Structures are given as C-alpha cells and as structure tokens.
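Text of the file start.cif, holding mmCIF, C-alpha atoms:
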```cif
data_entry
#
loop_
_atom_site.label_atom_id
_atom_site.label_comp_id
_atom_site.auth_asym_id
_atom_site.auth_seq_id
_atom_site.Cartn_x
_atom_site.Cartn_y
_atom_site.Cartn_z
CA MET S 15 353.06 71.74 35.99
CA ALA S 16 352.83 69.08 38.65
CA THR S 17 351.51 65.71 37.60
CA GLU S 18 349.65 63.29 39.79
CA THR S 19 350.89 59.76 40.03
CA THR S 20 348.84 56.78 41.02
CA THR S 21 350.02 53.49 42.34
CA ALA S 22 348.40 50.47 40.78
CA PRO S 23 347.13 47.96 43.30
CA LYS S 24 349.20 44.88 43.71
CA ALA S 25 347.99 41.73 42.00
CA GLY S 26 345.80 39.66 44.24
CA THR S 27 344.81 42.53 46.52
CA ARG S 28 341.19 43.42 47.07
CA SER S 29 339.54 46.71 47.92
CA ARG S 30 338.15 47.31 51.37
CA ALA S 31 334.59 47.10 49.98
CA ALA S 32 335.39 43.78 48.33
CA ARG S 33 336.86 42.40 51.55
CA LEU S 34 333.75 43.36 53.49
CA ARG S 35 331.46 41.78 50.91
CA PRO S 36 330.35 38.23 51.79
CA GLY S 37 331.25 35.40 49.49
CA VAL S 38 334.31 34.75 47.34
CA GLU S 39 335.51 35.47 43.83
CA ALA S 40 333.94 33.53 40.98
CA GLY S 41 337.06 31.43 40.43
CA HIS S 42 337.44 30.42 44.07
CA GLU S 43 337.06 26.75 44.97
CA SER S 44 334.33 27.57 47.51
CA TYR S 45 332.23 29.74 45.19
CA LYS S 46 330.02 26.77 44.26
CA TRP S 47 328.82 26.44 47.87
CA TRP S 48 328.02 30.16 48.10
CA ALA S 49 326.00 29.87 44.87
CA LEU S 50 324.23 26.79 46.24
CA SER S 51 323.21 28.75 49.34
CA CYS S 52 321.44 31.27 47.08
CA THR S 53 319.62 28.69 44.98
CA SER S 54 318.63 26.73 48.06
CA LEU S 55 317.11 29.86 49.59
CA GLY S 56 315.05 30.34 46.43
CA MET S 57 313.80 26.75 46.52
CA LEU S 58 312.96 27.09 50.21
CA LEU S 59 310.95 30.25 49.58
CA ALA S 60 308.94 28.68 46.75
CA THR S 61 308.10 25.44 48.57
CA ILE S 62 307.33 27.00 51.96
CA ASN S 63 304.90 29.28 50.14
CA SER S 64 303.11 26.29 48.63
CA GLY S 65 302.86 24.49 51.96
CA THR S 66 301.65 27.47 53.98
CA LEU S 67 299.05 28.41 51.37
CA ILE S 68 297.56 24.95 50.99
CA ILE S 69 296.78 24.77 54.70
CA ALA S 70 295.15 28.23 54.59
CA LEU S 71 292.62 27.42 51.85
CA PRO S 72 289.66 26.76 54.17
CA ASP S 73 290.25 30.09 55.93
CA LEU S 74 290.57 31.91 52.60
CA GLU S 75 287.23 30.45 51.55
CA LYS S 76 285.55 31.81 54.69
CA SER S 77 287.34 35.18 54.91
CA LEU S 78 287.14 36.22 51.24
CA GLY S 79 283.89 34.47 50.40
CA THR S 80 285.50 32.69 47.46
CA THR S 81 283.84 30.02 45.39
CA LEU S 82 285.39 26.58 45.10
CA LEU S 83 286.51 27.41 41.55
CA GLN S 84 288.26 30.59 42.73
CA LEU S 85 289.90 28.63 45.51
CA VAL S 86 291.25 26.12 43.00
CA TRP S 87 292.56 28.96 40.87
CA VAL S 88 294.39 30.55 43.79
CA ILE S 89 296.64 27.50 43.45
CA LEU S 90 296.46 27.01 39.68
CA ALA S 91 297.17 30.66 38.78
CA TYR S 92 300.62 30.44 40.36
CA MET S 93 301.33 27.02 38.86
CA ILE S 94 300.33 28.03 35.34
CA ALA S 95 302.29 31.29 35.39
CA SER S 96 305.43 29.68 36.78
CA THR S 97 305.13 26.74 34.36
CA VAL S 98 304.44 28.51 31.08
CA LEU S 99 306.93 31.33 31.72
CA VAL S 100 309.86 29.32 33.06
CA LEU S 101 311.37 28.79 29.59
CA THR S 102 310.84 32.42 28.65
CA ALA S 103 312.41 33.48 31.95
CA GLY S 104 315.37 31.26 31.17
CA ARG S 105 315.76 32.87 27.75
CA LEU S 106 315.59 36.36 29.28
CA SER S 107 318.31 35.36 31.73
CA ASP S 108 320.47 34.33 28.76
CA LEU S 109 319.97 37.79 27.30
CA PHE S 110 320.40 39.95 30.41
CA GLY S 111 322.30 37.77 32.89
CA ARG S 112 321.33 34.98 35.26
CA LYS S 113 322.24 36.87 38.41
CA ARG S 114 320.04 39.81 37.47
CA ALA S 115 317.15 37.51 36.56
CA TYR S 116 317.48 35.60 39.83
CA VAL S 117 317.49 38.77 41.94
CA LEU S 118 314.51 40.03 39.92
CA GLY S 119 312.67 36.80 40.70
CA PHE S 120 313.05 37.37 44.45
CA LEU S 121 311.87 40.99 44.18
CA VAL S 122 308.80 40.19 42.05
CA PHE S 123 307.89 37.28 44.34
CA GLY S 124 308.15 39.51 47.42
CA LEU S 125 306.09 42.32 45.86
CA ALA S 126 303.36 39.90 44.80
CA SER S 127 303.28 38.32 48.27
CA LEU S 128 302.84 41.74 49.85
CA GLY S 129 299.98 42.56 47.49
CA ALA S 130 298.32 39.16 47.97
CA GLY S 131 298.12 39.78 51.72
CA PHE S 132 296.06 42.91 51.04
CA ALA S 133 293.67 41.22 48.57
CA ALA S 134 290.03 42.04 49.24
CA ASN S 135 288.49 39.23 47.24
CA GLY S 136 289.29 36.05 45.37
CA THR S 137 289.80 37.77 42.00
CA GLU S 138 292.42 40.16 43.38
CA LEU S 139 294.18 37.28 45.09
CA ILE S 140 294.33 35.30 41.85
CA LEU S 141 295.86 38.28 40.02
CA TRP S 142 298.55 38.67 42.68
CA ARG S 143 299.19 34.94 42.50
CA ILE S 144 299.82 35.25 38.75
CA LEU S 145 302.47 37.89 39.46
CA GLN S 146 303.88 35.64 42.16
CA GLY S 147 304.14 32.90 39.53
CA VAL S 148 306.14 35.24 37.30
CA GLY S 149 308.66 35.69 40.11
CA GLY S 150 308.67 31.95 40.73
CA ALA S 151 309.42 31.32 37.03
CA PHE S 152 312.58 33.44 37.25
CA LEU S 153 313.66 31.59 40.40
CA PHE S 154 313.00 28.13 38.96
CA ALA S 155 314.57 28.90 35.58
CA ASN S 156 317.82 30.20 37.01
CA SER S 157 318.30 27.94 40.02
CA ALA S 158 319.52 24.96 38.00
CA ALA S 159 321.48 27.19 35.61
CA LEU S 160 323.37 28.91 38.44
CA VAL S 161 324.22 25.57 40.02
CA THR S 162 325.36 24.16 36.67
CA ASP S 163 327.63 27.17 36.11
CA ALA S 164 329.18 26.91 39.57
CA PHE S 165 329.64 23.15 40.07
CA PRO S 166 331.87 20.72 38.20
CA ARG S 167 330.04 18.01 36.30
CA GLU S 168 330.92 15.25 38.77
CA GLN S 169 329.26 17.17 41.65
CA LEU S 170 326.11 18.29 39.84
CA GLY S 171 324.09 15.37 41.20
CA LEU S 172 324.96 16.33 44.76
CA ALA S 173 324.10 19.98 44.11
CA MET S 174 320.77 19.22 42.47
CA GLY S 175 319.93 16.71 45.20
CA THR S 176 320.70 19.33 47.85
CA ASN S 177 318.33 21.80 46.19
CA THR S 178 315.62 19.14 46.11
CA MET S 179 316.26 18.31 49.76
CA VAL S 180 315.82 21.98 50.69
CA ALA S 181 312.59 21.99 48.69
CA ALA S 182 311.45 18.97 50.72
CA VAL S 183 312.33 20.82 53.93
CA GLY S 184 310.04 23.61 52.77
CA LEU S 185 307.27 21.10 52.08
CA VAL S 186 307.70 19.63 55.57
CA ILE S 187 307.81 23.00 57.34
CA GLY S 188 305.19 24.71 55.18
CA PRO S 189 301.97 23.07 56.40
CA VAL S 190 302.97 23.33 60.08
CA LEU S 191 304.11 26.93 59.67
CA GLY S 192 300.96 27.68 57.68
CA GLY S 193 298.84 26.42 60.54
CA ALA S 194 300.60 28.78 62.95
CA LEU S 195 300.30 31.74 60.56
CA VAL S 196 296.60 31.10 59.90
CA ALA S 197 296.08 31.17 63.67
CA LEU S 198 297.23 34.82 63.49
CA SER S 199 295.53 35.74 60.21
CA TRP S 200 295.48 34.36 56.65
CA HIS S 201 297.26 37.54 55.51
CA TRP S 202 300.48 36.36 57.16
CA VAL S 203 300.56 33.31 54.93
CA PHE S 204 301.62 35.75 52.18
CA TRP S 205 303.35 38.46 54.19
CA PHE S 206 305.68 35.87 55.69
CA ASN S 207 307.29 35.54 52.25
CA VAL S 208 308.30 39.20 52.08
CA PRO S 209 311.30 39.20 54.46
CA LEU S 210 312.51 35.91 52.93
CA ALA S 211 312.31 37.42 49.44
CA ILE S 212 314.18 40.57 50.53
CA ALA S 213 316.87 38.47 52.22
CA GLY S 214 317.18 36.29 49.13
CA SER S 215 317.54 39.23 46.75
CA VAL S 216 320.19 40.91 48.93
CA TRP S 217 322.12 37.66 49.43
CA ALA S 218 322.03 36.79 45.73
CA GLY S 219 323.07 40.32 44.78
CA LEU S 220 326.10 40.16 47.08
CA VAL S 221 327.23 36.57 46.57
CA LEU S 222 326.51 35.60 42.97
CA HIS S 223 328.69 36.38 39.94
CA GLU S 224 327.83 36.35 36.26
CA LEU S 225 329.65 33.32 34.86
CA SER S 226 328.04 33.18 31.41
CA ASP S 227 328.18 35.69 28.58
CA PRO S 228 324.90 37.18 27.32
CA ASP S 229 323.52 35.39 24.28
CA SER S 230 321.76 37.85 21.98
CA ALA S 231 322.13 35.82 18.80
CA ARG S 232 318.62 34.41 19.10
CA GLY S 233 315.49 36.35 19.89
CA LEU S 234 312.48 35.48 22.03
CA ASP S 235 309.99 32.91 20.78
CA LEU S 236 306.95 35.16 21.18
CA ALA S 237 304.64 33.06 19.00
CA GLY S 238 305.48 29.85 20.87
CA THR S 239 305.10 31.54 24.24
CA ALA S 240 301.72 33.06 23.35
CA THR S 241 300.22 29.83 21.97
CA PHE S 242 301.51 27.83 24.94
CA VAL S 243 300.20 30.29 27.55
CA VAL S 244 296.74 30.64 26.00
CA GLY S 245 296.42 26.96 25.09
CA LEU S 246 297.48 25.59 28.47
CA THR S 247 295.39 28.15 30.35
CA GLY S 248 292.36 27.20 28.26
CA LEU S 249 292.93 23.51 28.97
CA VAL S 250 293.27 23.96 32.73
CA LEU S 251 290.38 26.44 32.91
CA GLY S 252 288.13 24.12 30.90
CA ILE S 253 288.91 21.06 33.02
CA SER S 254 288.72 22.84 36.40
CA ARG S 255 285.52 24.75 35.60
CA GLY S 256 283.92 21.81 33.80
CA GLY S 257 284.17 19.61 36.88
CA ILE S 258 282.30 22.22 38.92
CA SER S 259 279.96 24.10 36.55
CA GLY S 260 279.30 21.35 34.02
CA TRP S 261 280.79 20.56 30.63
CA THR S 262 278.17 22.53 28.68
CA ASP S 263 279.30 25.84 30.22
CA PRO S 264 280.29 28.22 27.34
CA ILE S 265 283.55 29.17 29.07
CA VAL S 266 284.45 25.49 29.43
CA ILE S 267 283.76 24.85 25.74
CA VAL S 268 285.77 27.89 24.60
CA GLY S 269 288.69 26.96 26.86
CA LEU S 270 288.85 23.37 25.61
CA ILE S 271 288.54 24.45 21.96
CA ALA S 272 291.36 26.98 22.46
CA ALA S 273 293.52 24.22 23.93
CA ALA S 274 292.67 21.78 21.13
CA VAL S 275 293.67 24.35 18.51
CA LEU S 276 296.58 26.21 20.07
CA LEU S 277 298.57 23.41 21.72
CA PRO S 278 299.09 21.56 18.39
CA VAL S 279 299.99 24.94 16.84
CA PHE S 280 302.56 25.38 19.61
CA VAL S 281 304.12 22.00 18.76
CA TRP S 282 304.22 22.97 15.07
CA ILE S 283 305.89 26.32 15.86
CA GLU S 284 308.49 24.74 18.14
CA ALA S 285 309.35 22.04 15.61
CA ARG S 286 310.03 24.60 12.86
CA GLY S 287 311.13 27.74 14.69
CA ARG S 288 314.64 29.17 14.38
CA ALA S 289 314.83 29.90 18.11
CA PRO S 290 312.16 27.68 19.75
CA MET S 291 311.11 28.20 23.34
CA LEU S 292 311.30 24.43 23.81
CA ASP S 293 313.49 22.20 21.66
CA LEU S 294 311.18 19.21 21.29
CA SER S 295 314.02 17.00 20.06
CA ILE S 296 315.26 16.59 23.64
CA PHE S 297 312.34 14.25 24.27
CA ARG S 298 313.96 11.74 21.91
CA ASN S 299 316.27 11.02 24.82
CA ARG S 300 314.40 8.25 26.61
CA LEU S 301 315.97 8.99 29.98
CA PHE S 302 314.96 12.65 29.80
CA ALA S 303 311.44 11.77 28.61
CA ALA S 304 310.98 9.21 31.39
CA ALA S 305 312.26 11.66 34.03
CA SER S 306 309.89 14.35 32.76
CA GLY S 307 306.97 11.93 32.89
CA ALA S 308 307.86 10.88 36.43
CA ALA S 309 308.08 14.52 37.54
CA PHE S 310 304.65 15.17 35.99
CA ILE S 311 303.05 12.23 37.79
CA ASN S 312 304.73 13.22 41.07
CA GLY S 313 303.48 16.80 40.87
CA LEU S 314 299.97 15.73 39.90
CA SER S 315 299.61 13.22 42.73
CA ARG S 316 301.19 15.48 45.34
CA PHE S 317 298.90 18.41 44.55
CA ALA S 318 295.80 16.21 44.53
CA LEU S 319 296.69 14.58 47.86
CA LEU S 320 297.50 17.86 49.59
CA PHE S 321 294.36 19.59 48.30
CA LEU S 322 292.08 16.74 49.34
CA PHE S 323 293.71 16.08 52.69
CA VAL S 324 293.56 19.74 53.72
CA PHE S 325 289.76 19.80 53.41
CA TYR S 326 289.41 16.31 54.86
CA PHE S 327 291.44 17.10 57.98
CA GLN S 328 289.93 20.55 58.58
CA GLY S 329 286.46 19.64 57.36
CA ALA S 330 285.43 16.04 58.01
CA GLN S 331 287.77 15.55 60.98
CA GLY S 332 287.44 19.09 62.35
CA ASP S 333 291.18 19.55 62.97
CA ASP S 334 292.61 23.00 63.60
CA PRO S 335 295.15 24.29 60.98
CA ILE S 336 298.22 23.40 63.06
CA THR S 337 297.07 19.81 63.63
CA ALA S 338 296.21 19.46 59.93
CA GLY S 339 299.66 20.79 59.03
CA ILE S 340 301.37 18.26 61.29
CA LYS S 341 299.39 15.46 59.67
CA LEU S 342 300.44 16.62 56.21
CA ALA S 343 304.15 16.98 57.02
CA PRO S 344 305.05 13.25 56.77
CA LEU S 345 304.12 13.28 53.07
CA ALA S 346 307.39 15.11 52.34
CA VAL S 347 309.69 13.23 54.72
CA GLY S 348 310.52 10.57 52.12
CA MET S 349 311.68 13.25 49.69
CA LEU S 350 313.69 14.91 52.44
CA ILE S 351 315.62 11.70 53.11
CA SER S 352 315.97 10.37 49.57
CA SER S 353 316.80 13.52 47.59
CA PRO S 354 320.51 13.86 48.53
CA LEU S 355 320.96 10.11 48.13
CA ALA S 356 319.35 10.26 44.69
CA GLY S 357 321.80 12.99 43.72
CA ILE S 358 324.90 11.17 45.01
CA TRP S 359 323.99 7.63 43.90
CA PRO S 360 324.32 8.11 40.09
CA THR S 361 327.79 9.64 40.45
CA ALA S 362 328.95 6.89 42.83
CA THR S 363 327.54 4.22 40.53
CA ALA S 364 329.27 5.73 37.51
CA ARG S 365 332.61 5.73 39.32
CA ALA S 366 332.16 2.16 40.51
CA THR S 367 331.36 0.91 37.01
CA SER S 368 334.08 2.89 35.24
CA PRO S 369 336.69 0.78 33.40
CA PRO S 370 340.24 0.57 34.80
CA GLY S 371 342.13 3.82 34.37
CA GLY S 372 339.25 6.02 35.50
CA CYS S 373 337.82 6.65 32.04
CA SER S 374 334.15 5.89 31.85
CA SER S 375 332.33 5.35 28.63
CA ALA S 376 330.99 8.52 27.07
CA PRO S 377 327.31 9.25 27.54
CA PRO S 378 325.05 9.13 24.52
CA ALA S 379 325.06 12.25 22.40
CA TRP S 380 322.33 14.76 23.22
CA PRO S 381 319.80 14.83 20.40
CA ARG S 382 319.91 17.86 18.16
#
```

Would you put the structure from the file into structure tokens?
Amino acid sequence: MATETTTAPKAGTRSRAARLRPGVEAGHESYKWWALSCTSLGMLLATINSGTLIIALPDLEKSLGTTLLQLVWVILAYMIASTVLVLTAGRLSDLFGRKRAYVLGFLVFGLASLGAGFAANGTELILWRILQGVGGAFLFANSAALVTDAFPREQLGLAMGTNTMVAAVGLVIGPVLGGALVALSWHWVFWFNVPLAIAGSVWAGLVLHELSDPDSARGLDLAGTATFVVGLTGLVLGISRGGISGWTDPIVIVGLIAAAVLLPVFVWIEARGRAPMLDLSIFRNRLFAAASGAAFINGLSRFALLFLFVFYFQGAQGDDPITAGIKLAPLAVGMLISSPLAGIWPTATARATSPPGGCSSAPPAWPR
C-alpha cells in the first residue's frame, strides 16, 4: 500500500497567501507602525464624524423638524454610549480578543452610520447614534490597548501623540468636509462614514495580530455597568432637558433623582466588587487624576464652543456651512501641532534627566 509523504515547509518560509497579505508578522520590528496605522484610522473616523455632524446640526433641525432638545441629544446620545460602554468594551476585548473587538467596532460604526442617513425623524436618528456610540466605544477602548501591545514603553508617548494628532486632523477636516457634504444633503454626513468604516475593518482584519491572551478569570461587572449607564444618562437627561423645559418637569426630576441614587451606588459597587468595571484606586495617583480632570475640562469646553459657534456662524452671521466649517477649523490647529510634541517631550525629558549610566529612577508604584 503506497503511502503519501509530505514535505514540511522550511523554517522562515511563508505561504503564498501570507506573502500577499499586507503587513508583517507580529514579532517584526515594523509591526508597531502597521498597528498604529489601524488605530490612527479609527481615531480619524471618530473625529471626522464629530466635526461633520456638528456643522450639519442647523440643517438637521430644518430637514427633520427636530426640537432643540432632540438636536442636543443627537450629539449626547453618541457621547453617552461611547463613554459608559468604553470600559465594558475593553473588558469584552480582554475576553474575546482585541483585534476582533476592534474590527467589530468598525463594522458596528459603519452599520449605524448607514442607518442614521436613512432616519426619518429625530428619534430614529438618536437611536442610530446610540448604536454608533457602541461602535465608537469598541474603537476607543482598543485603540490605546493595541498601541500599548505593539510599541515598546519608550515609544508609547510618540505613538499616543500620533493618534491624538490624527484625531486633531479629523477635527480640522471635519467641519470643512461637513460643510461640503451638507451642500449635497445632510444624509451624506453619515453615509460618508460607511466606506471609511469598511476600509478600517478590512485593514485591521488583515494587518493586526492578537498579542494578548484572553482573560476569562474575571467576569463582566454587570451591576456596575447598569448603575453607571442609568445614573449618568439620568444626570445628562435631567440637566439638558431642565435647561430647556424647566426644572419642574417630571422627567427632569426623575432623571436627577436616578443620578443622585445610582451614581453613589456605582461608586460603592466598584469599591467592593471582585472584578470592578473601573478600579477607583487608580485615582489615588495624582498625575492620573489631574490628567483625567484636564481631559474632562477640555472635552466640555470644546463641545460647548463648537455647538455655540455653529449656530452663531450659520444663524446670527448667516454663513453657509462651508464658510462656518472653515471658521471652526482653527480651533483644532493647536492640538494638531502640539500633540506629537506632547508625546515626545516626556520621553526626551526623562532621558535628559536620567542619572549617568542610563538608568532612570523607577516611577512610583501604581496604586492597587
């Protein structure tokens, strides 16, 4: 009886399919730059979407007949979903793989953008924006993790600064691009995201590798997630509706009461949980706490300025969307210039202040 013999491939050889695939192996020196190209594309998608949408708000108000409160929630729905779910998305990526979660983020974002373009009223648009926020949460949660896996510690500042610079590019381009898209139709403000999301999912699927092992030792913090989602949503709904409808509105009162009850419960759960969604002890690190506070203030001021300026330029001054977008673009130029420098400067400073022999003093222990 004849037996078949097979010849094992030589070490170091790659199949034809592997050779045709873009990118490099996970252990290659250049893999970090391929991974950075994927995370940068995700950041670009998220920030361009914010810029194009903000410039389209006056047209959405006219075309869909939305109220001012609905218009505010077209923005807030995405922000709340992407904020409250980012930690849960990060935990799911630990369970099922960061590459899979990142690709899923692109696909969900693209699907939600397609649906948002077909929305017939403000309520439908808000629902699609919530789904868009879910996709954004998976992109945000895994962007930093993928970069951290791929880059050595001494280059992390450069990598993070590059991602922030790309985000600033999206903020610069977004309002101008949004003005051009609104000139066609407000629908294209959302449909424009679809080819970018498809390209991002394909590129990430081809280029990225799983560099971390799944962690199934801890489960999901469902109680913490639920109290945080409901509590924060109640707080934002109460404040946003109260400023428009009055503070005696029953929905405003219920929302604020829910926030007053559930947010302290969330803190209690996280402080005592076996697998908390958010380890509150990290805020004992003063540098981390200060950076988080600065990021909060930056986001708050940027959103307020953009929202007000859009209606000022297109309302009081009567500018067309493209002109309004051009006027908004300089707000992000400072971030575009300073972000890479901010990433490189700490590393350069640490090297310059290291003692002779190249050994710097160890950083303070991370609180546990």

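CA of Asp263 in chain S is found 20.8 Å from CA of Val88 in chain S.
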
**Report entry** Chain and number of each residue from the PyMOL selection byres ((chain S and resi 91) around 10), as a list of chain:residue names
**Finding:** S:Gln84, S:Val86, S:Trp87, S:Val88, S:Ile89, S:Leu90, S:Tyr92, S:Met93, S:Ile94, S:Ala95, S:Ser96, S:Thr97, S:Leu139, S:Ile140, S:Leu141, S:Trp142, S:Arg143, S:Ile144, S:Leu145, S:Gln146, S:Gly147, S:Thr247, S:Val250, S:Leu251

Mind writing the picked residues with C-alpha atoms as a CSV table (one decimal), in the frame of the given file?
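Listing of again_12.csv after writing:
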```csv
chain,number,residue,atom,x,y,z
S,84,GLN,CA,288.3,30.6,42.7
S,86,VAL,CA,291.2,26.1,43.0
S,87,TRP,CA,292.6,29.0,40.9
S,88,VAL,CA,294.4,30.6,43.8
S,89,ILE,CA,296.6,27.5,43.4
S,90,LEU,CA,296.5,27.0,39.7
S,92,TYR,CA,300.6,30.4,40.4
S,93,MET,CA,301.3,27.0,38.9
S,94,ILE,CA,300.3,28.0,35.3
S,95,ALA,CA,302.3,31.3,35.4
S,96,SER,CA,305.4,29.7,36.8
S,97,THR,CA,305.1,26.7,34.4
S,139,LEU,CA,294.2,37.3,45.1
S,140,ILE,CA,294.3,35.3,41.8
S,141,LEU,CA,295.9,38.3,40.0
S,142,TRP,CA,298.6,38.7,42.7
S,143,ARG,CA,299.2,34.9,42.5
S,144,ILE,CA,299.8,35.2,38.8
S,145,LEU,CA,302.5,37.9,39.5
S,146,GLN,CA,303.9,35.6,42.2
S,147,GLY,CA,304.1,32.9,39.5
S,247,THR,CA,295.4,28.2,30.4
S,250,VAL,CA,293.3,24.0,32.7
S,251,LEU,CA,290.4,26.4,32.9
```

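The shell of residues at most 10 Å from Leu234 in chain S, with only C-alpha atoms counted and near chain neighbours (fewer than 4 positions) removed, consists of Thr102, Arg105, Leu106, Leu109, Ser230, Gly238, Thr239, Ala289, Pro290 and Met291 of chain S.
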
Got a sec to check which residues sit within 9 Å of (318.4, 28.8, 32.9), counting all atoms listed in the file, and write them as a compact mmCIF listing (two decimals) with C-alpha atoms, in the frame of the given file?
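Everything below was put into selection.txt:
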```txt
# COMPACT_ATOMS: atom_id res chain seq x y z
CA VAL S 100 309.86 29.32 33.06
CA LEU S 101 311.37 28.79 29.59
CA ALA S 103 312.41 33.48 31.95
CA GLY S 104 315.37 31.26 31.17
CA ARG S 105 315.76 32.87 27.75
CA LEU S 106 315.59 36.36 29.28
CA SER S 107 318.31 35.36 31.73
CA ASP S 108 320.47 34.33 28.76
CA ARG S 112 321.33 34.98 35.26
CA PHE S 152 312.58 33.44 37.25
CA PHE S 154 313.00 28.13 38.96
CA ALA S 155 314.57 28.90 35.58
CA ASN S 156 317.82 30.20 37.01
CA SER S 157 318.30 27.94 40.02
CA ALA S 158 319.52 24.96 38.00
CA ALA S 159 321.48 27.19 35.61
CA LEU S 160 323.37 28.91 38.44
```

Requested in this report: Using the chain letters and numbering of this document, enumerate as a count of residues only the residues selected by the PyMOL selection byres ((chain S and resi 267-282) around 10).
Outcome: 35

Report task. Calculate how many Å separate CA of Thr66 in chain S from CA of Asn207 in chain S, rounding to one decimal. Result -> 10.0 Å

Query raised in the report: Closest to Thr61 in chain S among S:Leu153, S:Ala133, S:Val196, S:Val216, using only C-alpha atoms?
Result: S:Leu153

Query - Residues within 8 Å of Gly56 in chain S, all atoms listed in the file, excluding chain neighbours under 3 positions, as a list in words - result: Cys52, Thr53, Leu59, Ala60, Phe120, Leu153, Ser157 and Gly214 of chain S

Requested in this report: Write out as a ChimeraX atom specification which residues come within 7 Å of Trp205 in chain S when counting all atoms listed in the file, dropping same-chain ones fewer than 4 positions away.
Outcome: /S:127-128,131,201

Considering all atoms listed in the file, return as a PDB file with C-alpha atoms, in the frame of the given file whatever protein or nucleic-acid residues lie within 6 Å of Pro189 in chain S, sequence-local ones (same chain, fewer than 3 positions apart) excluded.
```pdb
ATOM      1  CA  GLY S  65     302.860  24.490  51.960  1.00  0.00           C
ATOM      2  CA  THR S  66     301.650  27.470  53.980  1.00  0.00           C
ATOM      3  CA  ILE S  69     296.780  24.770  54.700  1.00  0.00           C
ATOM      4  CA  GLY S 192     300.960  27.680  57.680  1.00  0.00           C
ATOM      5  CA  GLY S 339     299.660  20.790  59.030  1.00  0.00           C
TER       6      GLY S 339
END
```

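Interatomic distance, CA of Ala173 in chain S to CA of Ile187 in chain S: 21.2 Å.
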
Requested in this report: Expand the PyMOL selection byres ((chain S and resi 72-77) around 10) into the individual residues it matches in the shown file, reporting them as a PyMOL selection string.
Outcome: chain S and resi 67-71+78-82+84-85+88+134-136+139+196-197+199-201+324-325+328-329+335

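Minimum atom-to-atom distance to Ser44 in chain S, evaluated using all atoms listed in the file, belongs to S:Phe165 out of S:Gly175, S:Ala126, S:Tyr116, S:Phe165.
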
Work out where the centre of an axis-aligned box around every listed atom of range 259-266 of chain S lies and how long its edges are once 6 Å is added on each side; give both in Å to one decimal as JSON.
```
{"center_x": 281.3, "center_y": 24.9, "center_z": 31.9, "size_x": 18.3, "size_y": 20.6, "size_z": 21.2}
```

Query - Nearest-residue call for Val98 in chain S, choices S:Ala304, S:Val148, S:Leu58, S:Ile258, using only C-alpha atoms - result: S:Val148

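Proximity ranking of S:Gly171, S:Gly124, S:Pro166, S:Pro209 relative to Lys46 in chain S places S:Pro166 first, based on only C-alpha atoms.
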
Report summary line: Using only C-alpha atoms, the shortest atom-to-atom distance to Asn63 in chain S among S:Leu236, S:Ala164, S:Ala115, S:Leu191 belongs to S:Leu191
